[in-house]
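Before any comments, here is the structure.
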Protein chains: 2
Amino acid sequence: MTLTQDQAVITNGINVTDLSNTIEAIRRSPQLATFQFRSKNSWLEGGHNRSKIQGFFGCGKEDETRDEAFIFDADEPPVLHGGDKGANPVEFVLHALAACMTTTMVYHAAARGIEIGAVNSELEGDIDLRGFLGLSDDVRKGYHDVRVRMRVQSDASPDQLAELAKFSPVYDIVSNSLPVQVQIETF
Amino acid sequence: MTLTQDQAVITNGINVTDLSNTIEAIRRSPQLATFQFRSKNSWLEGGHNRSKIQGFFGCGKEDETRDEAFIFDADEPPVLHGGDKGANPVEFVLHALAACMTTTMVYHAAARGIEIGAVNSELEGDIDLRGFLGLSDDVRKGYHDVRVRMRVQSDASPDQLAELAKFSPVYDIVSNSLPVQVQIETF
């Protein structure tokens, strides 16, 4: 439902007036669109490690609104010789993908005045661990297929909603190649 | 340090005897390497949504060892018009990447008898939001560059450790292209 709070238009829980102002500001000053996100991770033991996520740069300055870091533990399940103290890394990829496609669809719908009542998604990622284990050069190390099924309460067509969801940064990151620079130092 | 518990060799917190048995079993029966991971996500409001991760298929059967689901909230910070109730999706990608490269390096090192005392990493992802916002066709929607800096306590060389870390499934997923099937139905 589209509501008006004071003089702002709110669609899908998003302040579309503010969103439109942001888009207009970026159109005038493209450097405001430059963001840098960050994560720090420390190994704990075996398959268990922990990330802290807090600061980022965006809209021309360091963000200082987060009083505390977000903390996430990753681990492997027993069958993969871990202690299961967190979801495993490839499961986090599915979370990131679902979250991003959902948010992207909802934001882009709001900007176009398309109302959305609910979004539920189920994701599956297929992986052949012979790649990870180095048992076959013909098998890739990551997922070889990912499926995203979304059920959306909306009057918009599935095709239009899919088009909006595919503005997702994580959909781009997963479905296309991206340079990852790796630098390791030892002590 | 490599320890022996009962008759098992433990290196970097990983039971290398069990890991070697798993690798040998997969070598004999490659279908055991087929895994499927899953995530369900529900939109809550605006940029806020929640994933539940529990069951998966692997080693020839449905895993039933997790009594509870892992729950992760994603949101956007205020400057991106969210309520900051969770890290944002592209931040979760950095967590997944750090976690996976760390675990992969530690596991592969253990299998080779290379001891690791500590791993700390810092990741940065650069993104130009004009892609996400649809303001420029020339700007990609996701990160255009990702940097991973790892500090590792080990006698192994940085080059060898980087080689091990690059067996990471999430490194493969992020750095290479991957087909993502999207299916949307409305109600």
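In the structure tokens, chains take the letters A, B, ... in the order shown, each chain's residues start at 1, and ligands count up from 1 in the order shown.
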
Lay chain A over chain B using all C-alpha atoms, matched one to one in order, with a least-squares fit; then write it out as a compact mmCIF listing (two decimals) with C-alpha atoms, in the first residue's frame.
```
# COMPACT_ATOMS: atom_id res chain seq x y z
CA MET A 1 50.37 -28.03 15.91
CA THR A 2 49.69 -31.58 14.81
CA LEU A 3 48.23 -33.65 17.63
CA THR A 4 47.24 -37.28 17.78
CA GLN A 5 43.93 -38.01 19.52
CA ASP A 6 43.46 -41.75 19.89
CA GLN A 7 44.63 -42.84 16.46
CA ALA A 8 43.50 -39.72 14.54
CA VAL A 9 45.81 -37.00 13.24
CA ILE A 10 44.50 -33.50 14.05
CA THR A 11 46.04 -30.57 12.14
CA ASN A 12 44.71 -26.99 12.32
CA GLY A 13 41.76 -28.31 14.35
CA ILE A 14 40.75 -30.68 11.54
CA ASN A 15 40.63 -34.44 11.89
CA VAL A 16 42.87 -35.23 8.94
CA THR A 17 42.31 -38.96 9.32
CA ASP A 18 38.55 -38.47 8.82
CA LEU A 19 39.16 -35.95 6.02
CA SER A 20 41.43 -38.43 4.21
CA ASN A 21 38.80 -41.15 4.60
CA THR A 22 36.17 -38.82 3.07
CA ILE A 23 38.43 -38.00 0.13
CA GLU A 24 39.16 -41.69 -0.44
CA ALA A 25 35.44 -42.54 -0.28
CA ILE A 26 34.65 -39.83 -2.87
CA ARG A 27 37.47 -41.03 -5.09
CA ARG A 28 35.89 -44.49 -5.09
CA SER A 29 32.26 -43.23 -5.35
CA PRO A 30 32.23 -39.79 -7.04
CA GLN A 31 28.44 -39.39 -6.55
CA LEU A 32 29.12 -38.85 -2.82
CA ALA A 33 30.56 -35.44 -3.80
CA THR A 34 27.15 -34.20 -4.98
CA PHE A 35 25.85 -31.62 -2.50
CA GLN A 36 22.87 -29.29 -2.60
CA PHE A 37 22.65 -26.33 -0.21
CA ARG A 38 19.45 -24.32 0.32
CA SER A 39 18.12 -21.12 1.79
CA LYS A 40 14.63 -19.72 2.29
CA ASN A 41 14.09 -15.98 2.51
CA SER A 42 11.11 -13.83 3.44
CA TRP A 43 10.76 -10.11 2.92
CA LEU A 44 9.82 -8.20 6.07
CA GLU A 45 9.68 -4.51 5.08
CA GLY A 46 11.67 -2.07 2.97
CA GLY A 47 15.27 -3.33 2.80
CA HIS A 48 14.76 -5.83 5.63
CA ASN A 49 14.45 -9.56 4.95
CA ARG A 50 15.35 -12.80 6.70
CA SER A 51 16.88 -16.09 5.57
CA LYS A 52 16.54 -19.51 7.19
CA ILE A 53 19.17 -22.10 6.41
CA GLN A 54 18.92 -25.65 7.71
CA GLY A 55 18.71 -28.76 5.56
CA PHE A 56 21.04 -29.82 2.78
CA PHE A 57 21.81 -32.92 0.74
CA GLY A 58 25.29 -34.41 0.73
CA CYS A 59 27.26 -37.67 0.87
CA GLY A 60 24.28 -39.47 -0.64
CA LYS A 61 21.59 -38.39 1.83
CA GLU A 62 19.62 -35.59 3.43
CA ASP A 63 21.47 -34.14 6.38
CA GLU A 64 19.46 -34.31 9.59
CA THR A 65 22.03 -33.16 12.11
CA ARG A 66 20.83 -29.56 12.48
CA ASP A 67 18.12 -29.23 15.13
CA GLU A 68 17.61 -25.54 14.41
CA ALA A 69 17.88 -23.30 11.39
CA PHE A 70 20.48 -20.56 11.10
CA ILE A 71 18.67 -17.22 10.81
CA PHE A 72 20.18 -14.15 9.13
CA ASP A 73 18.65 -10.73 8.70
CA ALA A 74 19.71 -8.46 5.87
CA ASP A 75 18.89 -4.77 5.66
CA GLU A 76 20.34 -1.56 4.28
CA PRO A 77 21.96 1.25 6.29
CA PRO A 78 20.10 4.56 6.65
CA VAL A 79 22.06 6.20 3.82
CA LEU A 80 20.58 3.49 1.56
CA HIS A 81 17.11 4.02 3.02
CA GLY A 82 16.98 0.98 5.28
CA GLY A 83 16.73 0.42 9.02
CA ASP A 84 20.17 -1.25 9.41
CA LYS A 85 18.71 -4.33 11.08
CA GLY A 86 21.37 -6.49 9.46
CA ALA A 87 24.41 -6.32 7.21
CA ASN A 88 23.50 -5.64 3.63
CA PRO A 89 23.64 -8.32 0.90
CA VAL A 90 26.94 -7.23 -0.66
CA GLU A 91 28.53 -7.18 2.80
CA PHE A 92 27.38 -10.79 3.24
CA VAL A 93 29.23 -11.62 0.01
CA LEU A 94 32.48 -10.38 1.59
CA HIS A 95 31.80 -12.50 4.69
CA ALA A 96 31.12 -15.57 2.55
CA LEU A 97 34.30 -14.99 0.54
CA ALA A 98 36.53 -14.45 3.58
CA ALA A 99 35.05 -17.43 5.40
CA CYS A 100 35.43 -19.73 2.41
CA MET A 101 38.99 -18.75 1.51
CA THR A 102 40.02 -19.15 5.15
CA THR A 103 38.38 -22.55 5.61
CA THR A 104 39.67 -23.77 2.26
CA MET A 105 43.24 -22.73 3.02
CA VAL A 106 43.10 -24.31 6.47
CA TYR A 107 41.62 -27.61 5.20
CA HIS A 108 43.99 -27.95 2.27
CA ALA A 109 46.94 -27.06 4.49
CA ALA A 110 45.87 -29.71 7.02
CA ALA A 111 45.61 -32.34 4.29
CA ARG A 112 49.23 -31.53 3.31
CA GLY A 113 50.55 -31.42 6.89
CA ILE A 114 51.05 -27.63 6.78
CA GLU A 115 50.40 -26.08 10.18
CA ILE A 116 48.61 -22.76 10.46
CA GLY A 117 48.56 -20.76 13.68
CA ALA A 118 46.33 -17.81 12.75
CA VAL A 119 44.49 -16.30 9.81
CA ASN A 120 43.17 -12.76 9.75
CA SER A 121 41.74 -11.15 6.67
CA GLU A 122 40.43 -7.80 5.54
CA LEU A 123 38.22 -7.48 2.50
CA GLU A 124 37.07 -4.49 0.51
CA GLY A 125 34.51 -4.38 -2.28
CA ASP A 126 34.12 -1.34 -4.53
CA ILE A 127 30.75 -0.63 -6.08
CA ASP A 128 29.30 2.21 -8.12
CA LEU A 129 25.62 2.35 -7.30
CA ARG A 130 24.72 3.94 -10.64
CA GLY A 131 24.57 0.36 -11.96
CA PHE A 132 22.11 -0.80 -9.31
CA LEU A 133 20.03 2.34 -9.74
CA GLY A 134 19.85 1.91 -13.50
CA LEU A 135 21.44 5.33 -14.09
CA SER A 136 24.13 4.03 -16.45
CA ASP A 137 24.32 1.01 -18.74
CA ASP A 138 28.11 1.26 -18.69
CA VAL A 139 28.37 0.66 -14.95
CA ARG A 140 28.03 -2.88 -13.64
CA LYS A 141 25.51 -3.51 -10.89
CA GLY A 142 27.72 -5.44 -8.50
CA TYR A 143 31.23 -4.87 -7.17
CA HIS A 144 33.70 -3.93 -9.89
CA ASP A 145 36.71 -4.83 -7.70
CA VAL A 146 37.23 -6.95 -4.61
CA ARG A 147 40.45 -7.13 -2.59
CA VAL A 148 41.31 -9.85 -0.09
CA ARG A 149 44.29 -9.29 2.22
CA MET A 150 45.19 -12.21 4.48
CA ARG A 151 47.78 -12.41 7.25
CA VAL A 152 48.64 -16.02 7.98
CA GLN A 153 50.84 -17.47 10.70
CA SER A 154 52.58 -20.31 8.89
CA ASP A 155 55.95 -21.52 7.61
CA ALA A 156 54.43 -22.06 4.15
CA SER A 157 55.07 -19.42 1.48
CA PRO A 158 52.44 -16.80 0.61
CA ASP A 159 52.31 -18.20 -2.92
CA GLN A 160 51.57 -21.71 -1.71
CA LEU A 161 48.93 -20.46 0.74
CA ALA A 162 47.27 -18.40 -2.01
CA GLU A 163 47.20 -21.49 -4.22
CA LEU A 164 45.45 -23.44 -1.46
CA ALA A 165 42.96 -20.61 -0.70
CA LYS A 166 41.96 -20.49 -4.37
CA PHE A 167 40.40 -23.95 -4.13
CA SER A 168 37.61 -21.97 -2.39
CA PRO A 169 34.13 -22.53 -3.83
CA VAL A 170 33.07 -18.94 -3.05
CA TYR A 171 36.23 -17.57 -4.68
CA ASP A 172 35.18 -19.52 -7.79
CA ILE A 173 31.56 -18.32 -7.55
CA VAL A 174 32.57 -14.66 -7.22
CA SER A 175 35.46 -14.56 -9.64
CA ASN A 176 33.85 -16.64 -12.42
CA SER A 177 30.43 -16.63 -14.05
CA LEU A 178 27.72 -19.00 -12.86
CA PRO A 179 24.26 -19.64 -14.29
CA VAL A 180 21.49 -18.41 -11.97
CA GLN A 181 17.98 -19.53 -12.96
CA VAL A 182 15.29 -17.15 -11.79
CA GLN A 183 11.64 -18.21 -11.66
CA ILE A 184 8.99 -15.85 -10.32
CA GLU A 185 5.33 -16.52 -9.73
CA THR A 186 2.81 -13.99 -8.47
CA PHE A 187 -0.30 -14.33 -6.35
```

- [ ] Within chain B, find each residue whose DSSP state, derived from the backbone, is helix (DSSP H, G or I), and express the selection as a PyMOL selection string.
- [x] chain B and resi 16-28+30-33+78-80+89-111+130-133+158-165+169-175

Create the file for the chosen residues now, containing C-alpha atoms and written as a short mmCIF file (atom, residue, chain, number, x, y, z; two decimals), in the first residue's frame.
```
data_model
loop_
_atom_site.label_atom_id
_atom_site.label_comp_id
_atom_site.auth_asym_id
_atom_site.auth_seq_id
_atom_site.Cartn_x
_atom_site.Cartn_y
_atom_site.Cartn_z
CA VAL B 16 42.85 -35.23 8.93
CA THR B 17 42.28 -38.95 9.30
CA ASP B 18 38.53 -38.45 8.81
CA LEU B 19 39.14 -35.95 6.01
CA SER B 20 41.41 -38.42 4.21
CA ASN B 21 38.79 -41.14 4.59
CA THR B 22 36.17 -38.82 3.07
CA ILE B 23 38.43 -37.98 0.14
CA GLU B 24 39.15 -41.66 -0.43
CA ALA B 25 35.43 -42.53 -0.29
CA ILE B 26 34.65 -39.81 -2.86
CA ARG B 27 37.47 -41.01 -5.09
CA ARG B 28 35.87 -44.47 -5.11
CA PRO B 30 32.23 -39.80 -7.06
CA GLN B 31 28.45 -39.39 -6.56
CA LEU B 32 29.12 -38.84 -2.84
CA ALA B 33 30.57 -35.44 -3.81
CA PRO B 78 20.08 4.55 6.65
CA VAL B 79 22.04 6.21 3.81
CA LEU B 80 20.57 3.50 1.55
CA PRO B 89 23.65 -8.32 0.92
CA VAL B 90 26.94 -7.22 -0.66
CA GLU B 91 28.53 -7.18 2.80
CA PHE B 92 27.39 -10.80 3.25
CA VAL B 93 29.24 -11.63 0.02
CA LEU B 94 32.48 -10.38 1.59
CA HIS B 95 31.82 -12.50 4.69
CA ALA B 96 31.14 -15.58 2.55
CA LEU B 97 34.31 -14.99 0.53
CA ALA B 98 36.54 -14.45 3.58
CA ALA B 99 35.06 -17.44 5.40
CA CYS B 100 35.43 -19.73 2.40
CA MET B 101 39.00 -18.76 1.50
CA THR B 102 40.02 -19.15 5.14
CA THR B 103 38.40 -22.55 5.60
CA THR B 104 39.68 -23.77 2.27
CA MET B 105 43.25 -22.73 3.02
CA VAL B 106 43.11 -24.31 6.48
CA TYR B 107 41.62 -27.60 5.20
CA HIS B 108 44.00 -27.95 2.27
CA ALA B 109 46.94 -27.06 4.50
CA ALA B 110 45.86 -29.71 7.01
CA ALA B 111 45.61 -32.35 4.28
CA ARG B 130 24.71 3.93 -10.63
CA GLY B 131 24.56 0.36 -11.95
CA PHE B 132 22.10 -0.81 -9.31
CA LEU B 133 20.02 2.34 -9.73
CA PRO B 158 52.46 -16.79 0.62
CA ASP B 159 52.32 -18.19 -2.93
CA GLN B 160 51.58 -21.71 -1.72
CA LEU B 161 48.94 -20.46 0.72
CA ALA B 162 47.29 -18.40 -2.02
CA GLU B 163 47.21 -21.50 -4.23
CA LEU B 164 45.46 -23.44 -1.46
CA ALA B 165 42.98 -20.62 -0.71
CA PRO B 169 34.13 -22.53 -3.84
CA VAL B 170 33.08 -18.94 -3.06
CA TYR B 171 36.25 -17.57 -4.69
CA ASP B 172 35.20 -19.52 -7.79
CA ILE B 173 31.57 -18.32 -7.55
CA VAL B 174 32.58 -14.66 -7.22
CA SER B 175 35.48 -14.56 -9.65
#
```

TODO: Run DSSP on the backbone of this structure and report the residues of segment 13-67 of chain B it assigns to strand (DSSP E or B), as a PyMOL selection string.
DONE: chain B and resi 14-15+34-45+48-53+56-58+61-62
